[in-house]
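Structure first, then comments.
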Amino acid sequence: MNTPRQIELKVCGMRDAQNIKALTALQPQYMGFIFYVKSKRFVGENFDPELTALIPDSIKKTGVFVNASPAYVKEKVDRYQLNAVQLHGDETPSFCNQIKELGVEIIKVFSVGAFFDIRSVLPFGECTDSYLFDTKGKERGGNGISFNWEVLDFYTQDKPFFLSGGIGPESLEAIKTFEHPKFKAIDLNSQFEISPGLKDIQAIEAFKQAMEQKKIQL
């Protein structure tokens, strides 16, 4: 019998006021907001700061950025009281260090395709708090497809990581058997949506409860 693991939950791509309020009640450890205009889940130019101000400190408000300027990231961190920044583009270690100076948690994303060199994470060891492994696809995240998790058998760094990419209700059994000492959190997005940017809160709640019942502790 597997020993229960403390796995955190991140739900990304939020922007609807009532949806945010309902998700807040479920208390995920991270809630993601996408500040990338080309994304179908972009929060929009007029996203209300009051929506993030009402989120308790127990939930880390996470801004997702793709090749943004340091000034743009700083403005959003300040305006929306972000606790974490997820970098989903081609950012360099130097850039990560700049953003880390804002006093936020840094999550660096790596897109995993058919051929992925796990050594590509090495330059980011000192400037990030965790990594997020997502599926390489046409979009910068939210593609709704998974990658072969076995590639992470070769990941031997000390940095914890988020597991992302097409995770849905049917992923429960695979998650239950996925063993890695640095597996930190699950990232949910497109597979729990009614439409882009609008999450199925009941489905997320059922997933969370099923995880708990399977002794994979969130």
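Every chain in the structure tokens has a letter given in the order shown (A, B, ...), and although residue numbers restart at 1 in each chain, ligands are simply numbered from 1 in the order shown.
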Find the residues of segment 57-176 of chain A that sit at most 12 Å from segment 20-42 of chain A; for each, write down the nearest two atoms and how far apart they are in Å, to one decimal. Count only C-alpha atoms. Sort by chain, then by number going up, and give it as a Markdown table.
```
| residue | atom | partner | partner_atom | distance |
| --- | --- | --- | --- | --- |
| A:Asp57 | CA | A:Gln29 | CA | 9.6 |
| A:Ser58 | CA | A:Gln29 | CA | 6.8 |
| A:Ile59 | CA | A:Gln29 | CA | 4.8 |
| A:Lys60 | CA | A:Tyr30 | CA | 4.6 |
| A:Lys61 | CA | A:Met31 | CA | 5.2 |
| A:Thr62 | CA | A:Gly32 | CA | 4.6 |
| A:Gly63 | CA | A:Phe33 | CA | 5.0 |
| A:Val64 | CA | A:Ile34 | CA | 4.6 |
| A:Phe65 | CA | A:Phe35 | CA | 5.5 |
| A:Val66 | CA | A:Tyr36 | CA | 6.1 |
| A:Asn67 | CA | A:Tyr36 | CA | 8.8 |
| A:Ala68 | CA | A:Tyr36 | CA | 8.2 |
| A:Ser69 | CA | A:Tyr36 | CA | 11.5 |
| A:Tyr72 | CA | A:Phe35 | CA | 9.4 |
| A:Val73 | CA | A:Phe35 | CA | 8.7 |
| A:Lys74 | CA | A:Phe35 | CA | 11.8 |
| A:Glu75 | CA | A:Phe35 | CA | 11.1 |
| A:Lys76 | CA | A:Phe35 | CA | 8.2 |
| A:Val77 | CA | A:Phe35 | CA | 10.6 |
| A:Tyr80 | CA | A:Phe33 | CA | 9.8 |
| A:Gln81 | CA | A:Phe33 | CA | 11.7 |
| A:Leu82 | CA | A:Phe33 | CA | 9.4 |
| A:Asn83 | CA | A:Tyr30 | CA | 9.3 |
| A:Ala84 | CA | A:Tyr30 | CA | 8.7 |
| A:Val85 | CA | A:Gly32 | CA | 9.1 |
| A:Gln86 | CA | A:Gly32 | CA | 8.6 |
| A:Leu87 | CA | A:Ile34 | CA | 10.4 |
| A:His88 | CA | A:Tyr36 | CA | 9.6 |
| A:Gly89 | CA | A:Tyr36 | CA | 10.2 |
| A:Glu105 | CA | A:Tyr30 | CA | 11.3 |
| A:Ile107 | CA | A:Tyr30 | CA | 11.5 |
| A:Lys138 | CA | A:Ser39 | CA | 11.1 |
| A:Glu139 | CA | A:Ser39 | CA | 7.7 |
| A:Arg140 | CA | A:Ser39 | CA | 7.5 |
| A:Gly141 | CA | A:Ser39 | CA | 8.5 |
| A:Gly142 | CA | A:Arg41 | CA | 8.7 |
| A:Asn143 | CA | A:Lys40 | CA | 10.6 |
| A:Phe162 | CA | A:Tyr30 | CA | 11.0 |
```
Exercise. Can you pull out every residue within 8 Å of Ser130 of chain A, counting only C-alpha atoms, but drop anything in the same chain fewer than 4 positions away, and send it as a list in words?
Key: Ile106, Ile107, Lys108, Lys159, Pro160, Phe161 and Phe162 of chain A
Would you output that residue set with N, CA and C atoms, as a JSON list (two decimals), in the first residue's frame?
```json
[["chain", "number", "residue", "atom", "x", "y", "z"],
["A", 106, "ILE", "N", 8.70, 31.70, -7.91],
["A", 106, "ILE", "CA", 8.92, 31.54, -9.35],
["A", 106, "ILE", "C", 8.72, 30.09, -9.76],
["A", 107, "ILE", "N", 7.80, 29.89, -10.72],
["A", 107, "ILE", "CA", 7.55, 28.58, -11.29],
["A", 107, "ILE", "C", 7.93, 28.65, -12.77],
["A", 108, "LYS", "N", 8.93, 27.87, -13.17],
["A", 108, "LYS", "CA", 9.35, 27.88, -14.58],
["A", 108, "LYS", "C", 8.79, 26.66, -15.29],
["A", 159, "LYS", "N", 14.77, 20.28, -7.03],
["A", 159, "LYS", "CA", 13.66, 21.21, -7.20],
["A", 159, "LYS", "C", 12.33, 20.46, -7.34],
["A", 160, "PRO", "N", 11.29, 20.82, -6.57],
["A", 160, "PRO", "CA", 9.98, 20.18, -6.72],
["A", 160, "PRO", "C", 9.32, 20.61, -8.04],
["A", 161, "PHE", "N", 8.35, 19.81, -8.50],
["A", 161, "PHE", "CA", 7.71, 20.15, -9.76],
["A", 161, "PHE", "C", 6.20, 19.94, -9.71],
["A", 162, "PHE", "N", 5.52, 20.71, -10.58],
["A", 162, "PHE", "CA", 4.10, 20.56, -10.85],
["A", 162, "PHE", "C", 3.95, 19.64, -12.06]]
```
Quiz item: Could you pull the residues within 12 Å of Pro123 of chain A, counting only C-alpha atoms, minus those fewer than 6 positions along the same chain, as a VMD selection string?
Solution: chain A and resid 91 to 97 108 157
Practice problem: For Val112 of chain A, work out the shell of residues within 7 Å, counting only C-alpha atoms and skipping chain neighbours fewer than 6 positions away, then give it as a PyMOL selection string. | Solution: chain A and resi 133-136+147
Quiz prompt | alpha helix (DSSP H) per DSSP on the backbone: members of chain A, as a PyMOL selection string | solution = chain A and resi 17-26+49-53+70-80+93-100+172-177+201-213
Can you tell me which residues surround segment 186-199 of chain A at a distance of at most 7 Å, considering only C-alpha atoms, apart from same-chain residues fewer than 3 positions away, and format the answer as a PDB file with N, CA and C atoms, in the first residue's frame?
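Contents of result-v7.pdb, freshly written:
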```
ATOM      1  N   GLU A   8      -0.207  19.103  -3.734  1.00  0.00           N
ATOM      2  CA  GLU A   8      -0.984  20.333  -3.769  1.00  0.00           C
ATOM      3  C   GLU A   8      -1.770  20.442  -5.077  1.00  0.00           C
ATOM      4  N   LEU A   9      -2.734  21.350  -5.083  1.00  0.00           N
ATOM      5  CA  LEU A   9      -3.608  21.523  -6.240  1.00  0.00           C
ATOM      6  C   LEU A   9      -3.511  22.950  -6.764  1.00  0.00           C
ATOM      7  N   LYS A  10      -3.307  23.057  -8.074  1.00  0.00           N
ATOM      8  CA  LYS A  10      -3.309  24.348  -8.756  1.00  0.00           C
ATOM      9  C   LYS A  10      -4.369  24.299  -9.856  1.00  0.00           C
ATOM     10  N   VAL A  11      -5.216  25.313  -9.891  1.00  0.00           N
ATOM     11  CA  VAL A  11      -6.218  25.427 -10.953  1.00  0.00           C
ATOM     12  C   VAL A  11      -5.907  26.697 -11.726  1.00  0.00           C
ATOM     13  N   CYS A  12      -5.702  26.551 -13.021  1.00  0.00           N
ATOM     14  CA  CYS A  12      -5.225  27.680 -13.827  1.00  0.00           C
ATOM     15  C   CYS A  12      -6.283  28.143 -14.827  1.00  0.00           C
ATOM     16  N   GLY A  13      -6.114  29.371 -15.310  1.00  0.00           N
ATOM     17  CA  GLY A  13      -6.995  29.906 -16.336  1.00  0.00           C
ATOM     18  C   GLY A  13      -8.279  30.502 -15.812  1.00  0.00           C
ATOM     19  N   MET A  14      -8.223  31.107 -14.622  1.00  0.00           N
ATOM     20  CA  MET A  14      -9.423  31.696 -14.022  1.00  0.00           C
ATOM     21  C   MET A  14      -9.598  33.153 -14.455  1.00  0.00           C
ATOM     22  N   ARG A  15     -10.876  33.602 -14.567  1.00  0.00           N
ATOM     23  CA  ARG A  15     -11.129  35.008 -14.867  1.00  0.00           C
ATOM     24  C   ARG A  15     -12.558  35.458 -14.556  1.00  0.00           C
ATOM     25  N   ASP A  16     -13.492  34.504 -14.447  1.00  0.00           N
ATOM     26  CA  ASP A  16     -14.892  34.832 -14.185  1.00  0.00           C
ATOM     27  C   ASP A  16     -15.108  35.039 -12.690  1.00  0.00           C
ATOM     28  N   ASN A  19     -16.957  32.240 -10.807  1.00  0.00           N
ATOM     29  CA  ASN A  19     -16.119  31.054 -10.900  1.00  0.00           C
ATOM     30  C   ASN A  19     -14.962  31.132  -9.900  1.00  0.00           C
ATOM     31  N   LYS A  40      -6.478  31.730 -24.988  1.00  0.00           N
ATOM     32  CA  LYS A  40      -7.943  31.711 -24.940  1.00  0.00           C
ATOM     33  C   LYS A  40      -8.437  32.000 -23.527  1.00  0.00           C
ATOM     34  N   ARG A  41      -7.545  31.922 -22.569  1.00  0.00           N
ATOM     35  CA  ARG A  41      -7.914  32.132 -21.160  1.00  0.00           C
ATOM     36  C   ARG A  41      -7.308  33.436 -20.596  1.00  0.00           C
ATOM     37  N   GLY A 142      -2.637  24.618 -21.852  1.00  0.00           N
ATOM     38  CA  GLY A 142      -4.059  24.429 -22.106  1.00  0.00           C
ATOM     39  C   GLY A 142      -4.361  23.668 -23.379  1.00  0.00           C
ATOM     40  N   GLY A 144      -4.713  20.410 -23.567  1.00  0.00           N
ATOM     41  CA  GLY A 144      -5.606  19.300 -23.255  1.00  0.00           C
ATOM     42  C   GLY A 144      -5.044  17.931 -23.570  1.00  0.00           C
ATOM     43  N   PHE A 162       5.523  20.707 -10.583  1.00  0.00           N
ATOM     44  CA  PHE A 162       4.096  20.560 -10.847  1.00  0.00           C
ATOM     45  C   PHE A 162       3.949  19.638 -12.060  1.00  0.00           C
ATOM     46  N   LEU A 163       2.916  18.820 -12.040  1.00  0.00           N
ATOM     47  CA  LEU A 163       2.610  17.952 -13.169  1.00  0.00           C
ATOM     48  C   LEU A 163       1.399  18.531 -13.889  1.00  0.00           C
ATOM     49  N   SER A 164       1.549  18.794 -15.180  1.00  0.00           N
ATOM     50  CA  SER A 164       0.495  19.440 -15.952  1.00  0.00           C
ATOM     51  C   SER A 164       0.329  18.738 -17.293  1.00  0.00           C
ATOM     52  N   GLY A 166      -3.141  18.115 -19.831  1.00  0.00           N
ATOM     53  CA  GLY A 166      -4.253  17.212 -20.111  1.00  0.00           C
ATOM     54  C   GLY A 166      -4.730  16.378 -18.940  1.00  0.00           C
ATOM     55  N   ILE A 167      -4.508  16.839 -17.723  1.00  0.00           N
ATOM     56  CA  ILE A 167      -4.960  16.083 -16.558  1.00  0.00           C
ATOM     57  C   ILE A 167      -6.459  16.286 -16.367  1.00  0.00           C
ATOM     58  N   GLY A 168      -7.192  15.171 -16.346  1.00  0.00           N
ATOM     59  CA  GLY A 168      -8.637  15.221 -16.187  1.00  0.00           C
ATOM     60  C   GLY A 168      -9.107  14.200 -15.170  1.00  0.00           C
ATOM     61  N   ALA A 203     -16.890  19.442 -11.001  1.00  0.00           N
ATOM     62  CA  ALA A 203     -15.941  18.420 -11.453  1.00  0.00           C
ATOM     63  C   ALA A 203     -14.624  18.523 -10.687  1.00  0.00           C
ATOM     64  N   ILE A 204     -14.191  19.754 -10.419  1.00  0.00           N
ATOM     65  CA  ILE A 204     -12.963  19.944  -9.641  1.00  0.00           C
ATOM     66  C   ILE A 204     -13.157  19.442  -8.216  1.00  0.00           C
TER      67      ILE A 204
END
```
Quiz item: Out of A:Val104, A:Ser111, A:Ala71, A:Thr52, which residue has the shortest atom-to-atom distance to Leu132 of chain A when counting only C-alpha atoms?
Solution: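 Distance minimum relative to Leu132 of chain A lands on A:Ser111.
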Self-check item: strand (DSSP E) call set, DSSP backbone run, segment 79-213 of chain A, as a ChimeraX atom specification
Solution: /A:84-87,105-112,130-135,161-163,183-188,193-195,198-199
Exercise. Just give me the gap between atom CA of Glu101 of chain A and atom CA of Val43 of chain A in Å, one decimal is fine.
Key: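 Result for atom CA of Glu101 of chain A versus atom CA of Val43 of chain A: 24.4 Å, one decimal.
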Exercise. Could you please determine the separation between atom CA of Gln98 of chain A and atom CA of Pro70 of chain A in Å, to one decimal place?
Key: 7.2 Å
Practice problem: In Å, rounded to a single decimal, give me how far atom CA of Gln6 of chain A is from atom CA of His180 of chain A. | Solution: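 Distance reported for this atom pair: 11.9 Å.
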